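> Take a look at the following structure, please.
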Amino acid sequence: MLDASGIRRAFSAYLDRLIASLEARPEVTGLVLAGSTADRSRVDEWSDHDFLVVCDSLHAAEAMRADVSWLPDADELVIVVRDTAHGVKGVYRDGHVLEFAVFGPDELRLAHANAFEVPLDRGGIYTTMREVAARPKPGTELSPLQHAQLFLTLVLIGVGRARRGETLTAGQFIRTHALAHLLALHRRVVPGANDPRLDDLDVYRRLEQVHPELAALIERALERDPETAARGLLYVAEASGIARWSEWPVEAAATVRQRLGWSDDAA
(Lines give C-alpha, C1' and ligand atoms only; values in the text may rest on other atoms or scores of the structure.)
Protein backbone atom coordinates (compact mmCIF):
# COMPACT_ATOMS: atom_id res chain seq x y z
CA MET A 1 0.00 0.00 0.00
CA LEU A 2 1.50 3.32 -1.09
CA ASP A 3 1.63 6.26 1.29
CA ALA A 4 0.52 9.75 0.22
CA SER A 5 3.87 10.70 -1.31
CA GLY A 6 4.07 7.36 -3.13
CA ILE A 7 0.58 7.86 -4.53
CA ARG A 8 1.54 11.29 -5.87
CA ARG A 9 4.74 9.91 -7.42
CA ALA A 10 2.83 7.11 -9.14
CA PHE A 11 0.23 9.60 -10.36
CA SER A 12 2.93 11.86 -11.83
CA ALA A 13 4.80 8.91 -13.36
CA TYR A 14 1.69 7.85 -15.27
CA LEU A 15 1.24 11.41 -16.42
CA ASP A 16 4.83 11.59 -17.68
CA ARG A 17 4.24 8.47 -19.76
CA LEU A 18 0.99 9.87 -21.14
CA ILE A 19 2.71 13.10 -22.18
CA ALA A 20 5.54 11.16 -23.85
CA SER A 21 3.05 9.04 -25.79
CA LEU A 22 1.17 12.08 -27.08
CA GLU A 23 4.34 14.01 -27.91
CA ALA A 24 5.28 11.15 -30.25
CA ARG A 25 2.07 11.53 -32.26
CA PRO A 26 2.30 14.27 -34.93
CA GLU A 27 -1.50 14.54 -35.23
CA VAL A 28 -1.76 15.66 -31.59
CA THR A 29 -1.60 19.45 -31.25
CA GLY A 30 -2.25 19.74 -27.54
CA LEU A 31 -2.79 18.15 -24.16
CA VAL A 32 -4.73 19.87 -21.38
CA LEU A 33 -4.80 18.56 -17.81
CA ALA A 34 -7.86 19.27 -15.67
CA GLY A 35 -9.08 18.79 -12.10
CA SER A 36 -6.58 17.21 -9.71
CA THR A 37 -4.47 16.19 -12.72
CA ALA A 38 -3.74 19.90 -13.07
CA ASP A 39 -3.78 20.72 -9.35
CA ARG A 40 -1.72 17.77 -8.12
CA SER A 41 -1.66 19.07 -4.55
CA ARG A 42 -5.12 17.45 -4.28
CA VAL A 43 -4.08 14.01 -5.52
CA ASP A 44 -5.01 11.07 -3.30
CA GLU A 45 -5.61 7.35 -3.86
CA TRP A 46 -9.02 8.05 -5.46
CA SER A 47 -7.86 10.69 -7.93
CA ASP A 48 -8.33 9.88 -11.60
CA HIS A 49 -6.42 11.25 -14.56
CA ASP A 50 -8.60 13.91 -16.18
CA PHE A 51 -7.36 15.36 -19.47
CA LEU A 52 -8.22 16.69 -22.91
CA VAL A 53 -6.38 15.83 -26.13
CA VAL A 54 -6.55 18.04 -29.21
CA CYS A 55 -5.88 16.72 -32.73
CA ASP A 56 -5.21 18.38 -36.06
CA SER A 57 -8.29 16.88 -37.73
CA LEU A 58 -11.72 15.48 -36.85
CA HIS A 59 -10.70 12.18 -38.41
CA ALA A 60 -7.62 11.90 -36.18
CA ALA A 61 -9.67 12.77 -33.09
CA GLU A 62 -12.24 10.08 -33.82
CA ALA A 63 -9.50 7.55 -34.49
CA MET A 64 -7.96 8.25 -31.08
CA ARG A 65 -11.31 7.89 -29.36
CA ALA A 66 -11.96 4.58 -31.14
CA ASP A 67 -8.49 3.10 -30.62
CA VAL A 68 -6.94 3.91 -27.25
CA SER A 69 -3.75 1.92 -27.72
CA TRP A 70 -1.89 5.23 -27.31
CA LEU A 71 -2.70 5.19 -23.60
CA PRO A 72 0.02 3.88 -21.26
CA ASP A 73 -0.59 0.20 -20.39
CA ALA A 74 -3.60 0.10 -22.70
CA ASP A 75 -3.64 -3.71 -22.52
CA GLU A 76 -4.42 -3.41 -18.80
CA LEU A 77 -7.69 -1.56 -19.37
CA VAL A 78 -10.79 -3.54 -18.38
CA ILE A 79 -13.28 -0.76 -19.24
CA VAL A 80 -13.16 1.69 -22.14
CA VAL A 81 -16.49 3.36 -22.79
CA ARG A 82 -17.62 6.41 -24.73
CA ASP A 83 -19.95 8.55 -22.59
CA THR A 84 -20.25 11.68 -24.76
CA ALA A 85 -19.50 12.62 -28.35
CA HIS A 86 -15.92 13.48 -27.36
CA GLY A 87 -15.50 11.83 -23.98
CA VAL A 88 -14.22 8.44 -22.85
CA LYS A 89 -13.93 6.79 -19.46
CA GLY A 90 -11.46 4.02 -18.76
CA VAL A 91 -10.64 1.72 -15.85
CA TYR A 92 -7.41 -0.25 -15.44
CA ARG A 93 -7.16 -3.65 -13.84
CA ASP A 94 -5.85 -2.06 -10.63
CA GLY A 95 -8.88 0.29 -10.43
CA HIS A 96 -7.11 3.39 -11.74
CA VAL A 97 -9.65 5.59 -13.57
CA LEU A 98 -9.24 7.85 -16.61
CA GLU A 99 -11.67 10.52 -17.75
CA PHE A 100 -10.66 12.17 -21.00
CA ALA A 101 -11.95 13.76 -24.18
CA VAL A 102 -10.41 14.03 -27.62
CA PHE A 103 -11.20 17.07 -29.74
CA GLY A 104 -10.60 18.09 -33.30
CA PRO A 105 -9.53 21.59 -34.40
CA ASP A 106 -11.58 24.35 -32.69
CA GLU A 107 -13.62 21.81 -30.67
CA LEU A 108 -11.67 22.58 -27.49
CA ARG A 109 -13.95 25.60 -27.10
CA LEU A 110 -16.76 23.16 -26.28
CA ALA A 111 -15.04 22.27 -23.00
CA HIS A 112 -15.58 23.73 -19.53
CA ALA A 113 -12.70 24.24 -17.13
CA ASN A 114 -11.46 25.80 -13.92
CA ALA A 115 -7.94 24.67 -12.96
CA PHE A 116 -5.94 23.53 -15.98
CA GLU A 117 -2.38 22.92 -17.16
CA VAL A 118 -1.10 22.65 -20.74
CA PRO A 119 2.00 20.42 -20.93
CA LEU A 120 1.77 20.06 -24.73
CA ASP A 121 0.93 23.02 -26.97
CA ARG A 122 1.65 22.98 -30.68
CA GLY A 123 -0.28 26.15 -31.38
CA GLY A 124 -2.92 28.18 -29.51
CA ILE A 125 -3.99 25.57 -26.95
CA TYR A 126 -3.10 27.58 -23.84
CA THR A 127 -4.73 30.73 -25.24
CA THR A 128 -7.92 28.83 -26.02
CA MET A 129 -8.00 27.27 -22.56
CA ARG A 130 -7.64 30.65 -20.89
CA GLU A 131 -10.73 31.76 -22.79
CA VAL A 132 -12.58 28.54 -21.90
CA ALA A 133 -11.75 28.84 -18.19
CA ALA A 134 -12.84 32.49 -18.14
CA ARG A 135 -16.30 31.75 -19.52
CA PRO A 136 -19.30 31.68 -17.16
CA LYS A 137 -19.70 28.22 -15.68
CA PRO A 138 -22.69 25.96 -16.42
CA GLY A 139 -25.63 26.84 -14.19
CA THR A 140 -24.65 30.48 -13.73
CA GLU A 141 -27.11 31.46 -16.46
CA LEU A 142 -29.87 30.96 -13.88
CA SER A 143 -30.63 33.74 -11.42
CA PRO A 144 -30.78 33.06 -7.67
CA LEU A 145 -34.55 33.47 -7.80
CA GLN A 146 -34.79 30.84 -10.54
CA HIS A 147 -32.72 28.43 -8.43
CA ALA A 148 -35.05 29.06 -5.47
CA GLN A 149 -38.19 28.57 -7.52
CA LEU A 150 -36.85 25.40 -9.14
CA PHE A 151 -35.80 24.02 -5.76
CA LEU A 152 -39.30 24.48 -4.36
CA THR A 153 -40.97 23.13 -7.50
CA LEU A 154 -38.79 20.01 -7.55
CA VAL A 155 -39.47 19.38 -3.86
CA LEU A 156 -43.20 19.50 -4.58
CA ILE A 157 -42.95 17.23 -7.62
CA GLY A 158 -40.65 14.80 -5.84
CA VAL A 159 -42.87 14.43 -2.78
CA GLY A 160 -45.90 14.00 -5.03
CA ARG A 161 -44.19 11.10 -6.76
CA ALA A 162 -43.19 9.58 -3.42
CA ARG A 163 -46.81 9.67 -2.28
CA ARG A 164 -47.77 7.82 -5.46
CA GLY A 165 -45.31 5.12 -4.46
CA GLU A 166 -42.72 6.10 -7.10
CA THR A 167 -39.88 6.25 -4.61
CA LEU A 168 -36.98 5.86 -7.06
CA THR A 169 -37.92 8.83 -9.24
CA ALA A 170 -38.93 10.77 -6.11
CA GLY A 171 -35.48 10.24 -4.66
CA GLN A 172 -33.86 11.41 -7.88
CA PHE A 173 -35.89 14.63 -7.93
CA ILE A 174 -35.20 15.41 -4.29
CA ARG A 175 -31.67 14.10 -3.63
CA THR A 176 -30.21 15.19 -6.98
CA HIS A 177 -32.20 17.81 -8.88
CA ALA A 178 -33.65 19.81 -5.98
CA LEU A 179 -30.41 19.58 -4.01
CA ALA A 180 -28.37 20.95 -6.94
CA HIS A 181 -30.49 24.10 -7.01
CA LEU A 182 -30.30 24.42 -3.22
CA LEU A 183 -26.50 24.24 -3.27
CA ALA A 184 -26.23 26.71 -6.15
CA LEU A 185 -28.54 29.08 -4.29
CA HIS A 186 -26.50 28.75 -1.08
CA ARG A 187 -23.36 29.84 -2.91
CA ARG A 188 -25.09 32.80 -4.52
CA VAL A 189 -27.02 34.35 -1.64
CA VAL A 190 -25.44 33.41 1.72
CA PRO A 191 -22.62 35.81 2.63
CA GLY A 192 -19.22 34.09 2.54
CA ALA A 193 -20.61 30.83 1.16
CA ASN A 194 -18.98 31.01 -2.26
CA ASP A 195 -15.56 29.93 -1.05
CA PRO A 196 -12.97 29.61 -3.87
CA ARG A 197 -12.08 26.12 -2.62
CA LEU A 198 -15.44 24.87 -3.89
CA ASP A 199 -15.62 23.39 -7.39
CA ASP A 200 -17.34 25.91 -9.68
CA LEU A 201 -18.15 23.18 -12.24
CA ASP A 202 -19.88 20.83 -9.78
CA VAL A 203 -21.97 22.20 -6.89
CA TYR A 204 -21.63 18.94 -4.95
CA ARG A 205 -17.80 18.84 -4.84
CA ARG A 206 -15.79 19.65 -1.70
CA LEU A 207 -18.77 20.93 0.32
CA GLU A 208 -17.66 18.66 3.18
CA GLN A 209 -14.25 20.34 3.37
CA VAL A 210 -15.50 23.92 3.05
CA HIS A 211 -18.88 23.86 4.84
CA PRO A 212 -18.78 20.71 7.01
CA GLU A 213 -21.77 21.58 9.19
CA LEU A 214 -23.97 22.26 6.18
CA ALA A 215 -22.79 19.07 4.49
CA ALA A 216 -23.56 17.04 7.61
CA LEU A 217 -27.03 18.55 7.84
CA ILE A 218 -27.72 17.69 4.21
CA GLU A 219 -26.32 14.19 4.59
CA ARG A 220 -28.62 13.49 7.53
CA ALA A 221 -31.60 14.64 5.48
CA LEU A 222 -30.64 12.53 2.45
CA GLU A 223 -30.38 9.36 4.54
CA ARG A 224 -34.14 9.48 5.15
CA ASP A 225 -37.05 8.45 2.92
CA PRO A 226 -37.75 10.84 -0.01
CA GLU A 227 -40.44 12.92 1.70
CA THR A 228 -38.50 13.30 4.94
CA ALA A 229 -35.40 14.15 2.89
CA ALA A 230 -37.32 16.84 1.02
CA ARG A 231 -38.64 18.29 4.24
CA GLY A 232 -35.12 18.23 5.63
CA LEU A 233 -33.76 20.13 2.61
CA LEU A 234 -36.38 22.83 3.12
CA TYR A 235 -35.23 23.04 6.72
CA VAL A 236 -31.63 23.36 5.44
CA ALA A 237 -32.71 26.31 3.30
CA GLU A 238 -33.97 28.01 6.43
CA ALA A 239 -31.18 26.98 8.82
CA SER A 240 -28.37 27.90 6.40
CA GLY A 241 -29.60 31.46 5.95
CA ILE A 242 -31.02 31.08 2.44
CA ALA A 243 -34.53 31.88 3.61
CA ARG A 244 -33.24 35.14 5.15
CA TRP A 245 -32.24 36.32 1.67
CA SER A 246 -34.37 39.33 0.78
CA GLU A 247 -35.74 37.72 -2.41
CA TRP A 248 -36.55 34.30 -0.95
CA PRO A 249 -40.00 33.40 -2.38
CA VAL A 250 -41.84 33.29 0.92
CA GLU A 251 -45.30 32.85 -0.60
CA ALA A 252 -44.11 30.03 -2.86
CA ALA A 253 -42.47 28.22 0.06
CA ALA A 254 -45.66 28.57 2.11
CA THR A 255 -47.67 27.20 -0.82
CA VAL A 256 -45.46 24.11 -1.04
CA ARG A 257 -45.80 23.54 2.71
CA GLN A 258 -49.55 23.93 2.56
CA ARG A 259 -49.97 21.64 -0.45
CA LEU A 260 -47.91 18.94 1.26
CA GLY A 261 -49.55 19.39 4.63
CA TRP A 262 -46.30 20.27 6.35
CA SER A 263 -46.34 22.36 9.51
CA ASP A 264 -44.08 25.39 9.82
CA ASP A 265 -41.51 23.46 11.86
CA ALA A 266 -40.10 21.28 9.06
CA ALA A 267 -37.45 18.91 10.37
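Chain labels follow the order of the C-alpha coordinates: the first chain is A, the next B, and so on; residue numbering restarts at 1 in every chain, and ligands are counted from 1 in their shown order.
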DSSP says alpha helix (DSSP H) for which residues of region 45-193 of chain A? Put them as a VMD selection string?
chain A and resid 58 to 66 125 to 134 144 to 163 167 to 172 179 to 189
> Region 83-155 of chain A near region 38-61 of chain A within 8 Å: what's each residue's closest atom pair and its distance in Å to one decimal, counting only C-alpha atoms, ordered by chain then ascending residue number, as a Markdown table?

| residue | atom | partner | partner_atom | distance |
| --- | --- | --- | --- | --- |
| A:His96 | CA | A:Asp48 | CA | 6.6 |
| A:Val97 | CA | A:Asp48 | CA | 4.9 |
| A:Leu98 | CA | A:His49 | CA | 4.9 |
| A:Glu99 | CA | A:Asp50 | CA | 4.8 |
| A:Phe100 | CA | A:Phe51 | CA | 4.8 |
| A:Ala101 | CA | A:Leu52 | CA | 4.9 |
| A:Val102 | CA | A:Val53 | CA | 4.6 |
| A:Phe103 | CA | A:Val54 | CA | 4.8 |
| A:Gly104 | CA | A:Leu58 | CA | 4.5 |
| A:Pro105 | CA | A:Asp56 | CA | 5.6 |
| A:Leu108 | CA | A:Val54 | CA | 7.1 |
| A:Ala115 | CA | A:Ala38 | CA | 6.4 |
| A:Phe116 | CA | A:Ala38 | CA | 5.1 |
| A:Glu117 | CA | A:Ala38 | CA | 5.3 |
> CA of Asp121 (chain A) and CA of Ala74 (chain A) are how many Å apart?
23.7 Å
> Name all residues at most 7 Å from region 241-245 of chain A (count only C-alpha atoms; drop same-chain ones fewer than 5 positions away) and give them as a PyMOL selection string.
chain A and resi 186+189-190
> So how many Å separate CA of Ala111 (chain A) and CA of Pro72 (chain A), to one decimal?
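Between CA of Ala111 (chain A) and CA of Pro72 (chain A) the gap is 23.8 Å.
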> Which distance in Å separates CA of Glu27 (chain A) and CA of Arg135 (chain A), to one decimal?
27.6 Å
> What's the 12 Å shell around Asp73 (chain A), counting only C-alpha atoms, without same-chain residues fewer than 2 positions away, as a list in words?
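The filter keeps Tyr14, Arg17, Leu18, Ser21, Val68, Ser69, Trp70, Leu71, Asp75, Glu76, Leu77, Val78, Gly90, Val91, Tyr92, Arg93, Asp94 and His96 of chain A.
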> Give me the residues near Asp200 (chain A) as a list in words, where near means some atom within 12 Å (using only C-alpha atoms) and where sequence neighbours in that chain fewer than 4 positions away do not count.
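After dropping sequence-adjacent residues, the list is Gly35, His112, Ala113, Asn114, Ala115, Ala133, Ala134, Arg135, Pro136, Lys137, Pro138, Gly139, Thr140, Leu183, Ala184, Arg187, Arg188, Asn194, Asp195, Pro196, Tyr204, Arg205, Arg206 and Leu207 of chain A.
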> Emit the selected residues as a PDB file, in the first residue's frame, including N, CA and C atoms.

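Listed below is the output, again-v5.pdb:
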ATOM      1  N   GLY A  35      -8.806  19.309 -13.428  1.00  0.00           N
ATOM      2  CA  GLY A  35      -9.083  18.793 -12.098  1.00  0.00           C
ATOM      3  C   GLY A  35      -7.812  18.587 -11.292  1.00  0.00           C
ATOM      4  N   HIS A 112     -15.465  22.846 -20.695  1.00  0.00           N
ATOM      5  CA  HIS A 112     -15.581  23.725 -19.531  1.00  0.00           C
ATOM      6  C   HIS A 112     -14.374  23.439 -18.647  1.00  0.00           C
ATOM      7  N   ALA A 113     -13.910  24.444 -17.938  1.00  0.00           N
ATOM      8  CA  ALA A 113     -12.700  24.241 -17.130  1.00  0.00           C
ATOM      9  C   ALA A 113     -12.620  25.245 -16.000  1.00  0.00           C
ATOM     10  N   ASN A 114     -11.903  24.852 -14.944  1.00  0.00           N
ATOM     11  CA  ASN A 114     -11.458  25.804 -13.923  1.00  0.00           C
ATOM     12  C   ASN A 114      -9.929  25.676 -13.873  1.00  0.00           C
ATOM     13  N   ALA A 115      -9.383  24.876 -12.972  1.00  0.00           N
ATOM     14  CA  ALA A 115      -7.938  24.674 -12.962  1.00  0.00           C
ATOM     15  C   ALA A 115      -7.517  23.881 -14.196  1.00  0.00           C
ATOM     16  N   ALA A 133     -11.669  28.764 -19.649  1.00  0.00           N
ATOM     17  CA  ALA A 133     -11.749  28.840 -18.189  1.00  0.00           C
ATOM     18  C   ALA A 133     -12.382  30.140 -17.714  1.00  0.00           C
ATOM     19  N   ALA A 134     -12.290  31.194 -18.533  1.00  0.00           N
ATOM     20  CA  ALA A 134     -12.840  32.493 -18.144  1.00  0.00           C
ATOM     21  C   ALA A 134     -14.334  32.605 -18.417  1.00  0.00           C
ATOM     22  N   ARG A 135     -14.879  31.680 -19.195  1.00  0.00           N
ATOM     23  CA  ARG A 135     -16.301  31.755 -19.520  1.00  0.00           C
ATOM     24  C   ARG A 135     -17.160  31.488 -18.294  1.00  0.00           C
ATOM     25  N   PRO A 136     -18.385  32.024 -18.252  1.00  0.00           N
ATOM     26  CA  PRO A 136     -19.301  31.680 -17.161  1.00  0.00           C
ATOM     27  C   PRO A 136     -19.504  30.172 -17.087  1.00  0.00           C
ATOM     28  N   LYS A 137     -19.575  29.656 -15.881  1.00  0.00           N
ATOM     29  CA  LYS A 137     -19.697  28.224 -15.682  1.00  0.00           C
ATOM     30  C   LYS A 137     -21.140  27.758 -15.896  1.00  0.00           C
ATOM     31  N   PRO A 138     -21.332  26.487 -16.261  1.00  0.00           N
ATOM     32  CA  PRO A 138     -22.690  25.960 -16.424  1.00  0.00           C
ATOM     33  C   PRO A 138     -23.515  26.164 -15.158  1.00  0.00           C
ATOM     34  N   GLY A 139     -24.749  26.596 -15.337  1.00  0.00           N
ATOM     35  CA  GLY A 139     -25.632  26.837 -14.193  1.00  0.00           C
ATOM     36  C   GLY A 139     -25.692  28.291 -13.780  1.00  0.00           C
ATOM     37  N   THR A 140     -24.654  29.070 -14.137  1.00  0.00           N
ATOM     38  CA  THR A 140     -24.650  30.481 -13.731  1.00  0.00           C
ATOM     39  C   THR A 140     -25.585  31.318 -14.583  1.00  0.00           C
ATOM     40  N   LEU A 183     -27.918  23.958  -3.451  1.00  0.00           N
ATOM     41  CA  LEU A 183     -26.498  24.238  -3.272  1.00  0.00           C
ATOM     42  C   LEU A 183     -26.056  25.444  -4.100  1.00  0.00           C
ATOM     43  N   ALA A 184     -26.569  25.542  -5.325  1.00  0.00           N
ATOM     44  CA  ALA A 184     -26.234  26.705  -6.153  1.00  0.00           C
ATOM     45  C   ALA A 184     -26.751  27.982  -5.503  1.00  0.00           C
ATOM     46  N   ARG A 187     -24.569  29.131  -2.491  1.00  0.00           N
ATOM     47  CA  ARG A 187     -23.355  29.841  -2.912  1.00  0.00           C
ATOM     48  C   ARG A 187     -23.641  31.283  -3.316  1.00  0.00           C
ATOM     49  N   ARG A 188     -24.800  31.494  -3.919  1.00  0.00           N
ATOM     50  CA  ARG A 188     -25.090  32.802  -4.517  1.00  0.00           C
ATOM     51  C   ARG A 188     -25.616  33.821  -3.510  1.00  0.00           C
ATOM     52  N   ASN A 194     -19.619  31.359  -0.990  1.00  0.00           N
ATOM     53  CA  ASN A 194     -18.982  31.008  -2.262  1.00  0.00           C
ATOM     54  C   ASN A 194     -17.461  30.995  -2.115  1.00  0.00           C
ATOM     55  N   ASP A 195     -16.984  30.065  -1.332  1.00  0.00           N
ATOM     56  CA  ASP A 195     -15.560  29.929  -1.052  1.00  0.00           C
ATOM     57  C   ASP A 195     -14.834  29.455  -2.311  1.00  0.00           C
ATOM     58  N   PRO A 196     -13.678  30.018  -2.654  1.00  0.00           N
ATOM     59  CA  PRO A 196     -12.966  29.609  -3.871  1.00  0.00           C
ATOM     60  C   PRO A 196     -12.482  28.166  -3.848  1.00  0.00           C
ATOM     61  N   TYR A 204     -21.718  19.926  -6.019  1.00  0.00           N
ATOM     62  CA  TYR A 204     -21.626  18.941  -4.946  1.00  0.00           C
ATOM     63  C   TYR A 204     -20.202  18.786  -4.398  1.00  0.00           C
ATOM     64  N   ARG A 205     -19.183  19.170  -5.182  1.00  0.00           N
ATOM     65  CA  ARG A 205     -17.802  18.844  -4.842  1.00  0.00           C
ATOM     66  C   ARG A 205     -17.238  19.716  -3.723  1.00  0.00           C
ATOM     67  N   ARG A 206     -16.569  19.062  -2.789  1.00  0.00           N
ATOM     68  CA  ARG A 206     -15.790  19.652  -1.698  1.00  0.00           C
ATOM     69  C   ARG A 206     -16.620  20.461  -0.703  1.00  0.00           C
ATOM     70  N   LEU A 207     -17.938  20.263  -0.676  1.00  0.00           N
ATOM     71  CA  LEU A 207     -18.771  20.931   0.323  1.00  0.00           C
ATOM     72  C   LEU A 207     -18.370  20.485   1.728  1.00  0.00           C
TER      73      LEU A 207
END
> Nearest to Ala34 (chain A): which of A:Val118, A:Val80, A:Glu107, A:Ile19 is it, counting only C-alpha atoms?
A:Val118
> Using only C-alpha atoms, find the one residue out of A:Ala13, A:Ala252, A:Leu214, A:Leu201 that sits nearest to Tyr235 (chain A).
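Looking only at the distances to Tyr235 (chain A), the closest residue turns out to be A:Leu214.
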> Tell me which of A:Pro119, A:Pro249, A:Gly124, A:Gly87 sits closest to Leu150 (chain A), counting only C-alpha atoms.
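Selected residue with least distance to Leu150 (chain A): A:Pro249.
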